[in-house]
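The structure appears below as structure tokens.
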Amino acid sequence: MKRRNLIIQWLGVLLLLVLLGACGDNGTNNTGNSNSNNDSGEDVVTIGVMLYNYTDIQGKEIRSYGDYLEEHFNVKFDYATVGSSEEDHITALENLIASGVDAIISGYDTALEQSIALSEQANVYYSVALGEVVEDISSDYLVGGLSQFGENPEKLGAQYAEAAVEAGVKNIAVTTFPEFAFYDAVPIINGFRERIEELDDEVTVYDTVTHMFSPNDVVDAVTSIISDNPEVDAIFGLGSGMDFVYPAVLNSTKPDIKVLALGYNDSTPAALENDSVIMAGFNNYSQIMASMFARLYDRLNGHEYPDGQLNGYIDYPTVQETSDVEDIQTYVIPDNKSEGSVTIEELKEVMRTFNENATWEDLQELTNRTIDEIKENRQ
Amino acid sequence: MKNETAIKNKNGDSLYKLLNFLKMNKNIIIQYSSLLLVVVIFTVLSDGKLLSSINIQTIIRQLVVIFTISVGLVFVFSHGNMDISVGAVVALSSMVAAFSLNAGAPVWFSTMIAMSVSVACYLLNIYVANQFGLMAVISSLAIMFIARGIVTYIVSTTNMSIRVTEIAVLNLYNNLTFMILSIIIVGIIGVVLFNYKKIGKQNKAIGDNMLSATQSGVNVKKSKVISYIIAGLLVGYGSMFSLARSLTVSENSGMGLEMDVIVALVLGGMALSGGSKSKISSAIVGSITLVLLNNGLTMIGVPAEVVSLVRGIIFLLVIFLILRRPRSEKVVPR
């Protein structure tokens, strides 16, 4: 009886393997560029997007801008949800590659070396949208990354310092994710400290407190700051300032501590209104998608910027007043993307596929515009 | 006339034998039919892309980790125990293996180290459970926190993520032939140990009724320790494949793997209460089904926002087919 069960089980597995093997050679070999024909320019290219979710403002905006691009270019975006582990990232990438995508926009630099190796094997271009590529990896299929905080992140730190001094806070704690996960934190904090020193020598900026990635880690960090330095009256929260640091402060024993937040969410307007947040910042997702798409689409069509670099940069809009929030809603996250930070016409102007004189600097200039510059351009 | 009657009798006899065979092996047939159903549905919906050569390679690469680990954990789950530390143990084993490889150790030695770390974690798990009379799931929770805590602490002390500096050393674990061989060998070892050796029978007896098993002469503690060692060995071995796939270890390594294993085993028809209904084929069928499910949903282009919903519905359908207990089936008293 047992032996018969065993035989049946293994016959089942064998049948499946034979079935898979038999059909294997007949299938399409989807090793990249399967849909595209770069000569005709008519065929649709498929770009896979990998993010943790599409339900937060980041996911929604990236998707929304992707829809806008799909309406005007021969492109289709395949969105995949990835887990945070390396294994999940690689699995999602493998699945997208097997489904026949021509290029990948990954939100993160997770398992970068292996991701690029897999992409290279399948002739698929790979890019990192929500961070810079800092690892020393050389591949024709690595398109590059993107600094989220402008060309010079120290300037952003200086902006926060000016807002802090303007608000009159005197004892500022700094919290952030570890450096290995957030490279830009160091120059931003340096810029912040230097500008504070220049502006007001009575302001104390405490040593940076590093925390991990869960809300509880941030609660622990805030609790420790308050118990070690009860005089703290502001926290510069770089690690999800609005999502993690602000709620942690509100639920702490000193909810009157003001927050300088890197980040933005639905509670930001009210927090600015009641002065519990001095400044918040926002990733410009239209600029992110525009920059990555332009580089990938050009590559897929056989064009490359002669002066191109590995990492591009985009602007990081900040908000201090409720009127700034209106600007964000009008120019950064508009419902109608043709009125947003980067329109199709503007984008085509800086893409080599549509303008052979376009340069890398043109693209950076377009995708690094401040809200004031965008406003000026629209008038 | 006699000949006709003989043929009729023979045909009737064959039909009876076939029906009897189908009845006797109903559960196994349903188990494999569900898997076949998933293959057929996704093949049709993906216009055959699911079975393209590149995708089969992809499926095998994704299968090897979950398959190896699931086979190991059948030995734990058959007690009616549950292990939720597997993700953290994989992360810790991978990290130690990465350090070992970076220090210049050969890959076989690093594999032994990864397996040793994993076995140590599982032994600690069962020692705590046995010694303090805790449910194994509670002690596995503690192991999860400890292992994840060690990985997180070490990762946080470095500015860069931990990665294998010399990629070529892990070529063996990225070799497709080696993966297929490994799947087959692990499968055979699992089947032999679970179906034909004392340990498998003892596990099922423990899962059905621990007191009866003890009174029947089963050394429950010893059986559990052996099962946890087997699980530890295979989890450690699986962690090498996991490391070879990503080449990197971070605080997120192995995150969610425990849930994947549970889902795979349930999809394969494993009763989480353990006992005589536990089957090693649950790990085989379940892990293949899980990988096909995840892969197939991407291949057919299911929108990201409904992937979880679709996965849930398919999960429900498959477990309905597999785990639905026929009314006529007698249940072993507990």
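Scheme for the structure tokens: letters A, B, ... for chains in order shown; per-chain residue numbers from 1; ligand numbers from 1 in order shown.
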
Query raised in the report: What are the residues of chain B that have an atom within 7 Å of an atom of chain A, counting only C-alpha atoms, as number ranges by chain?
Result: B: 32, 48-49, 51-56, 58, 62, 156, 159-161, 242, 245-248, 252-255, 295, 298-299, 303-305

Requested in this report: Write out as a ChimeraX atom specification all residues of region 133-302 of chain A that backbone DSSP assigns to alpha helix (DSSP H).
Outcome: /A:153-167,185-199,215-228,246-250,268-273,285-300

Take the residues that were just selected and, keeping C-alpha atoms, output them as a PDB file, in the first residue's frame.
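As written to disk, selection33.pdb reads:
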ATOM      1  CA  PRO A 153      21.313  67.390  -0.706  1.00  0.00           C
ATOM      2  CA  GLU A 154      23.225  69.715   1.677  1.00  0.00           C
ATOM      3  CA  LYS A 155      21.140  72.585   0.335  1.00  0.00           C
ATOM      4  CA  LEU A 156      17.994  70.802   1.405  1.00  0.00           C
ATOM      5  CA  GLY A 157      19.444  70.422   4.914  1.00  0.00           C
ATOM      6  CA  ALA A 158      20.175  74.143   4.908  1.00  0.00           C
ATOM      7  CA  GLN A 159      16.548  74.877   3.970  1.00  0.00           C
ATOM      8  CA  TYR A 160      15.328  72.901   6.971  1.00  0.00           C
ATOM      9  CA  ALA A 161      17.838  74.745   9.176  1.00  0.00           C
ATOM     10  CA  GLU A 162      16.483  78.090   8.019  1.00  0.00           C
ATOM     11  CA  ALA A 163      12.930  76.962   8.775  1.00  0.00           C
ATOM     12  CA  ALA A 164      14.001  75.780  12.245  1.00  0.00           C
ATOM     13  CA  VAL A 165      15.695  79.079  13.110  1.00  0.00           C
ATOM     14  CA  GLU A 166      12.744  81.003  11.748  1.00  0.00           C
ATOM     15  CA  ALA A 167      10.420  78.984  14.017  1.00  0.00           C
ATOM     16  CA  ALA A 185      20.891  61.455   5.152  1.00  0.00           C
ATOM     17  CA  VAL A 186      24.538  62.310   5.872  1.00  0.00           C
ATOM     18  CA  PRO A 187      24.847  65.299   3.494  1.00  0.00           C
ATOM     19  CA  ILE A 188      21.374  66.547   4.456  1.00  0.00           C
ATOM     20  CA  ILE A 189      22.272  66.473   8.162  1.00  0.00           C
ATOM     21  CA  ASN A 190      25.660  68.065   7.477  1.00  0.00           C
ATOM     22  CA  GLY A 191      23.989  70.865   5.536  1.00  0.00           C
ATOM     23  CA  PHE A 192      21.492  71.299   8.368  1.00  0.00           C
ATOM     24  CA  ARG A 193      24.157  71.532  11.068  1.00  0.00           C
ATOM     25  CA  GLU A 194      26.374  73.910   9.103  1.00  0.00           C
ATOM     26  CA  ARG A 195      23.528  76.285   8.313  1.00  0.00           C
ATOM     27  CA  ILE A 196      22.299  76.276  11.931  1.00  0.00           C
ATOM     28  CA  GLU A 197      25.811  77.198  13.090  1.00  0.00           C
ATOM     29  CA  GLU A 198      25.884  80.047  10.596  1.00  0.00           C
ATOM     30  CA  LEU A 199      22.467  81.368  11.539  1.00  0.00           C
ATOM     31  CA  PRO A 215       7.221  52.595  13.531  1.00  0.00           C
ATOM     32  CA  ASN A 216       8.083  51.004  16.882  1.00  0.00           C
ATOM     33  CA  ASP A 217      11.780  51.615  16.249  1.00  0.00           C
ATOM     34  CA  VAL A 218      10.992  55.297  15.762  1.00  0.00           C
ATOM     35  CA  VAL A 219       8.856  55.390  18.918  1.00  0.00           C
ATOM     36  CA  ASP A 220      11.837  53.964  20.836  1.00  0.00           C
ATOM     37  CA  ALA A 221      14.159  56.563  19.315  1.00  0.00           C
ATOM     38  CA  VAL A 222      11.825  59.443  20.207  1.00  0.00           C
ATOM     39  CA  THR A 223      11.329  58.103  23.743  1.00  0.00           C
ATOM     40  CA  SER A 224      15.064  57.838  24.214  1.00  0.00           C
ATOM     41  CA  ILE A 225      15.608  61.394  22.941  1.00  0.00           C
ATOM     42  CA  ILE A 226      13.007  62.781  25.336  1.00  0.00           C
ATOM     43  CA  SER A 227      14.372  60.906  28.337  1.00  0.00           C
ATOM     44  CA  ASP A 228      18.018  61.760  27.578  1.00  0.00           C
ATOM     45  CA  TYR A 246       5.281  62.892  13.858  1.00  0.00           C
ATOM     46  CA  PRO A 247       2.895  60.245  15.312  1.00  0.00           C
ATOM     47  CA  ALA A 248       5.624  59.113  17.714  1.00  0.00           C
ATOM     48  CA  VAL A 249       5.985  62.690  19.025  1.00  0.00           C
ATOM     49  CA  LEU A 250       2.213  63.151  19.328  1.00  0.00           C
ATOM     50  CA  THR A 268       0.592  67.442   6.938  1.00  0.00           C
ATOM     51  CA  PRO A 269      -1.758  70.363   6.133  1.00  0.00           C
ATOM     52  CA  ALA A 270      -3.398  70.185   9.579  1.00  0.00           C
ATOM     53  CA  ALA A 271      -0.012  69.758  11.280  1.00  0.00           C
ATOM     54  CA  LEU A 272       1.338  72.843   9.515  1.00  0.00           C
ATOM     55  CA  GLU A 273      -1.804  74.747  10.431  1.00  0.00           C
ATOM     56  CA  TYR A 285       6.876  61.426  -8.229  1.00  0.00           C
ATOM     57  CA  SER A 286       6.099  62.938 -11.628  1.00  0.00           C
ATOM     58  CA  GLN A 287       9.718  64.042 -11.930  1.00  0.00           C
ATOM     59  CA  ILE A 288      10.888  60.617 -10.756  1.00  0.00           C
ATOM     60  CA  MET A 289       8.848  58.734 -13.342  1.00  0.00           C
ATOM     61  CA  ALA A 290       9.585  61.248 -16.099  1.00  0.00           C
ATOM     62  CA  SER A 291      13.323  60.999 -15.541  1.00  0.00           C
ATOM     63  CA  MET A 292      13.437  57.207 -15.356  1.00  0.00           C
ATOM     64  CA  PHE A 293      11.061  56.729 -18.260  1.00  0.00           C
ATOM     65  CA  ALA A 294      12.970  59.121 -20.529  1.00  0.00           C
ATOM     66  CA  ARG A 295      16.245  57.292 -19.925  1.00  0.00           C
ATOM     67  CA  LEU A 296      14.750  53.825 -20.371  1.00  0.00           C
ATOM     68  CA  TYR A 297      12.649  54.684 -23.416  1.00  0.00           C
ATOM     69  CA  ASP A 298      15.629  56.268 -25.123  1.00  0.00           C
ATOM     70  CA  ARG A 299      17.776  53.223 -24.395  1.00  0.00           C
ATOM     71  CA  LEU A 300      15.088  50.881 -25.709  1.00  0.00           C
TER      72      LEU A 300
END

Surrounding residues of Tyr316 (chain A) excluding itself and chain neighbours under 5 positions, 9 Å, only C-alpha atoms, as an mmCIF file with all heavy atoms, in the first residue's frame:
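Dumped to part_15.cif:
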data_model
loop_
_atom_site.group_PDB
_atom_site.id
_atom_site.type_symbol
_atom_site.label_atom_id
_atom_site.label_comp_id
_atom_site.auth_asym_id
_atom_site.auth_seq_id
_atom_site.Cartn_x
_atom_site.Cartn_y
_atom_site.Cartn_z
ATOM 1 N N GLN A 148 16.949 61.747 -4.797
ATOM 2 C CA GLN A 148 15.614 62.329 -4.538
ATOM 3 C C GLN A 148 15.684 63.747 -4.001
ATOM 4 O O GLN A 148 14.661 64.397 -3.852
ATOM 5 C CB GLN A 148 14.886 61.473 -3.500
ATOM 6 C CG GLN A 148 14.846 60.004 -3.811
ATOM 7 C CD GLN A 148 14.003 59.723 -5.028
ATOM 8 O OE1 GLN A 148 12.826 59.999 -5.041
ATOM 9 N NE2 GLN A 148 14.627 59.224 -6.097
ATOM 10 N N PHE A 149 16.907 64.196 -3.673
ATOM 11 C CA PHE A 149 17.000 65.464 -2.933
ATOM 12 C C PHE A 149 17.795 66.529 -3.684
ATOM 13 O O PHE A 149 18.558 67.288 -3.094
ATOM 14 C CB PHE A 149 17.606 65.187 -1.550
ATOM 15 C CG PHE A 149 16.850 64.134 -0.804
ATOM 16 C CD1 PHE A 149 17.325 62.839 -0.711
ATOM 17 C CD2 PHE A 149 15.628 64.433 -0.227
ATOM 18 C CE1 PHE A 149 16.607 61.855 -0.050
ATOM 19 C CE2 PHE A 149 14.897 63.458 0.438
ATOM 20 C CZ PHE A 149 15.388 62.164 0.527
ATOM 21 N N GLY A 150 17.594 66.564 -4.978
ATOM 22 C CA GLY A 150 18.256 67.588 -5.776
ATOM 23 C C GLY A 150 19.717 67.284 -6.018
ATOM 24 O O GLY A 150 20.249 66.258 -5.563
ATOM 25 N N LEU A 156 19.290 71.135 0.808
ATOM 26 C CA LEU A 156 17.994 70.802 1.405
ATOM 27 C C LEU A 156 18.103 70.875 2.928
ATOM 28 O O LEU A 156 17.219 71.417 3.603
ATOM 29 C CB LEU A 156 17.557 69.398 0.959
ATOM 30 C CG LEU A 156 16.215 68.929 1.521
ATOM 31 C CD1 LEU A 156 15.054 69.742 0.953
ATOM 32 C CD2 LEU A 156 15.987 67.443 1.223
ATOM 33 N N GLY A 281 8.459 67.687 3.637
ATOM 34 C CA GLY A 281 8.977 67.619 2.257
ATOM 35 C C GLY A 281 8.301 66.511 1.495
ATOM 36 O O GLY A 281 7.679 65.606 2.069
ATOM 37 N N PHE A 282 8.466 66.572 0.206
ATOM 38 C CA PHE A 282 7.660 65.696 -0.649
ATOM 39 C C PHE A 282 8.482 65.216 -1.825
ATOM 40 O O PHE A 282 9.135 66.013 -2.496
ATOM 41 C CB PHE A 282 6.483 66.538 -1.158
ATOM 42 C CG PHE A 282 5.339 65.741 -1.658
ATOM 43 C CD1 PHE A 282 4.358 65.325 -0.796
ATOM 44 C CD2 PHE A 282 5.239 65.402 -2.988
ATOM 45 C CE1 PHE A 282 3.283 64.588 -1.257
ATOM 46 C CE2 PHE A 282 4.176 64.668 -3.454
ATOM 47 C CZ PHE A 282 3.197 64.264 -2.577
ATOM 48 N N ASN A 283 8.446 63.916 -2.084
ATOM 49 C CA ASN A 283 9.109 63.429 -3.305
ATOM 50 C C ASN A 283 8.253 63.814 -4.504
ATOM 51 O O ASN A 283 7.039 63.651 -4.459
ATOM 52 C CB ASN A 283 9.236 61.900 -3.272
ATOM 53 C CG ASN A 283 10.209 61.445 -2.228
ATOM 54 O OD1 ASN A 283 9.844 61.345 -1.074
ATOM 55 N ND2 ASN A 283 11.428 61.189 -2.614
ATOM 56 N N ASN A 284 8.897 64.295 -5.540
ATOM 57 C CA ASN A 284 8.140 64.670 -6.734
ATOM 58 C C ASN A 284 8.063 63.452 -7.660
ATOM 59 O O ASN A 284 8.961 63.197 -8.467
ATOM 60 C CB ASN A 284 8.811 65.853 -7.440
ATOM 61 C CG ASN A 284 7.900 66.440 -8.477
ATOM 62 O OD1 ASN A 284 7.149 65.719 -9.129
ATOM 63 N ND2 ASN A 284 7.955 67.745 -8.637
ATOM 64 N N ASN A 368 14.298 68.716 -12.394
ATOM 65 C CA ASN A 368 14.787 69.251 -11.121
ATOM 66 C C ASN A 368 14.201 70.639 -10.860
ATOM 67 O O ASN A 368 14.711 71.389 -10.037
ATOM 68 C CB ASN A 368 16.320 69.301 -11.156
ATOM 69 C CG ASN A 368 16.920 69.598 -9.801
ATOM 70 O OD1 ASN A 368 16.425 69.127 -8.783
ATOM 71 N ND2 ASN A 368 17.959 70.411 -9.769
ATOM 72 N N THR A 370 11.994 73.563 -9.426
ATOM 73 C CA THR A 370 11.252 73.826 -8.193
ATOM 74 C C THR A 370 9.823 74.210 -8.570
ATOM 75 O O THR A 370 9.540 74.494 -9.740
ATOM 76 C CB THR A 370 11.879 74.979 -7.398
ATOM 77 O OG1 THR A 370 11.816 76.147 -8.221
ATOM 78 C CG2 THR A 370 13.325 74.696 -7.048
#

Requested in this report: Would you mind reading off the distance between CA of Leu130 (chain A) and CA of Gly107 (chain A), one decimal, in Å?
Outcome: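 The value is 5.0 Å.
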
Report summary line: Computed gap from CA of Tyr52 (chain A) to CA of Ser106 (chain A) is 9.9 Å

All residues 12 Å or closer to Asp208 (chain B), only C-alpha atoms, same chain fewer than 6 positions away omitted, as a tab-separated table (two decimals) with N, CA and C atoms, in the first residue's frame:
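Now in result-v5.tsv:
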chain	number	residue	atom	x	y	z
B	77	PHE	N	5.83	20.12	11.32
B	77	PHE	CA	4.38	20.34	11.25
B	77	PHE	C	3.60	19.05	11.51
B	78	SER	N	4.20	17.90	11.22
B	78	SER	CA	3.47	16.65	11.41
B	78	SER	C	3.21	16.36	12.89
B	79	HIS	N	3.95	17.02	13.79
B	79	HIS	CA	3.69	16.89	15.23
B	79	HIS	C	2.45	17.67	15.63
B	80	GLY	N	2.00	18.54	14.70
B	80	GLY	CA	0.96	19.49	15.07
B	80	GLY	C	1.60	20.78	15.56
B	81	ASN	N	2.92	20.84	15.47
B	81	ASN	CA	3.65	22.05	15.85
B	81	ASN	C	3.71	23.01	14.67
B	201	LYS	N	6.89	7.70	10.99
B	201	LYS	CA	5.74	7.07	11.63
B	201	LYS	C	5.53	7.62	13.04
B	202	GLN	N	6.65	7.79	13.76
B	202	GLN	CA	6.55	8.34	15.12
B	202	GLN	C	5.98	9.75	15.11
B	214	THR	N	3.22	7.93	23.34
B	214	THR	CA	4.13	7.65	24.46
B	214	THR	C	3.85	6.26	25.01
B	271	ALA	N	-2.47	18.93	6.88
B	271	ALA	CA	-3.34	19.33	7.97
B	271	ALA	C	-2.45	19.96	9.04
B	272	LEU	N	-2.74	21.20	9.41
B	272	LEU	CA	-1.85	21.88	10.36
B	272	LEU	C	-1.92	21.25	11.75
B	273	SER	N	-2.92	20.40	11.98
B	273	SER	CA	-2.97	19.71	13.26
B	273	SER	C	-2.03	18.50	13.28
B	274	GLY	N	-1.40	18.22	12.14
B	274	GLY	CA	-0.44	17.12	12.07
B	274	GLY	C	-1.11	15.77	12.07
B	275	GLY	N	-0.37	14.75	12.51
B	275	GLY	CA	-0.94	13.42	12.63
B	275	GLY	C	-0.86	12.58	11.38
B	276	SER	N	-1.72	11.54	11.37
B	276	SER	CA	-1.62	10.53	10.31
B	276	SER	C	-1.94	11.08	8.93
B	277	LYS	N	-2.61	12.24	8.88
B	277	LYS	CA	-2.93	12.83	7.58
B	277	LYS	C	-1.75	13.63	6.99
B	278	SER	N	-0.69	13.76	7.77
B	278	SER	CA	0.48	14.50	7.26
B	278	SER	C	1.14	13.72	6.14
B	331	VAL	N	-12.28	9.36	10.93
B	331	VAL	CA	-11.27	10.22	11.53
B	331	VAL	C	-10.65	9.51	12.71
B	332	VAL	N	-9.35	9.55	12.78
B	332	VAL	CA	-8.65	8.90	13.89
B	332	VAL	C	-8.96	9.68	15.18
B	333	PRO	N	-9.42	9.00	16.22
B	333	PRO	CA	-9.75	9.73	17.46
B	333	PRO	C	-8.51	10.34	18.08
B	334	ARG	N	-8.67	11.52	18.66
B	334	ARG	CA	-7.52	12.19	19.27
B	334	ARG	C	-7.61	12.10	20.79

Requested in this report: Write out as JSON, numbers by chain which residues come within 7 Å of region 115-124 of chain B when counting only C-alpha atoms, dropping same-chain ones fewer than 6 positions away.
Outcome: {"B": [89, 93, 143, 225, 228, 229, 232, 233, 235, 236, 237]}

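In this model, the gap between CA of Leu260 (chain A) and CA of Tyr65 (chain A) comes to 28.2 Å.
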
Query raised in the report: What's the 8 Å shell around Val319 (chain A), counting only C-alpha atoms, without same-chain residues fewer than 6 positions away, as a PyMOL selection string?
Result: chain A and resi 279-281+325

Requested in this report: Enumerate the residues of region 108-270 of chain A with a DSSP assignment of strand (DSSP E or B), computed from the backbone, and present them as a PyMOL selection string.
Outcome: chain A and resi 125-128+142-147+171-176+204-210+234-237+258-261

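Between Asp102 (chain A) and the residues A:Ile116, A:Ile235, A:Val44, A:Ile62, the shortest atom-to-atom distance, using only C-alpha atoms, involves A:Val44.
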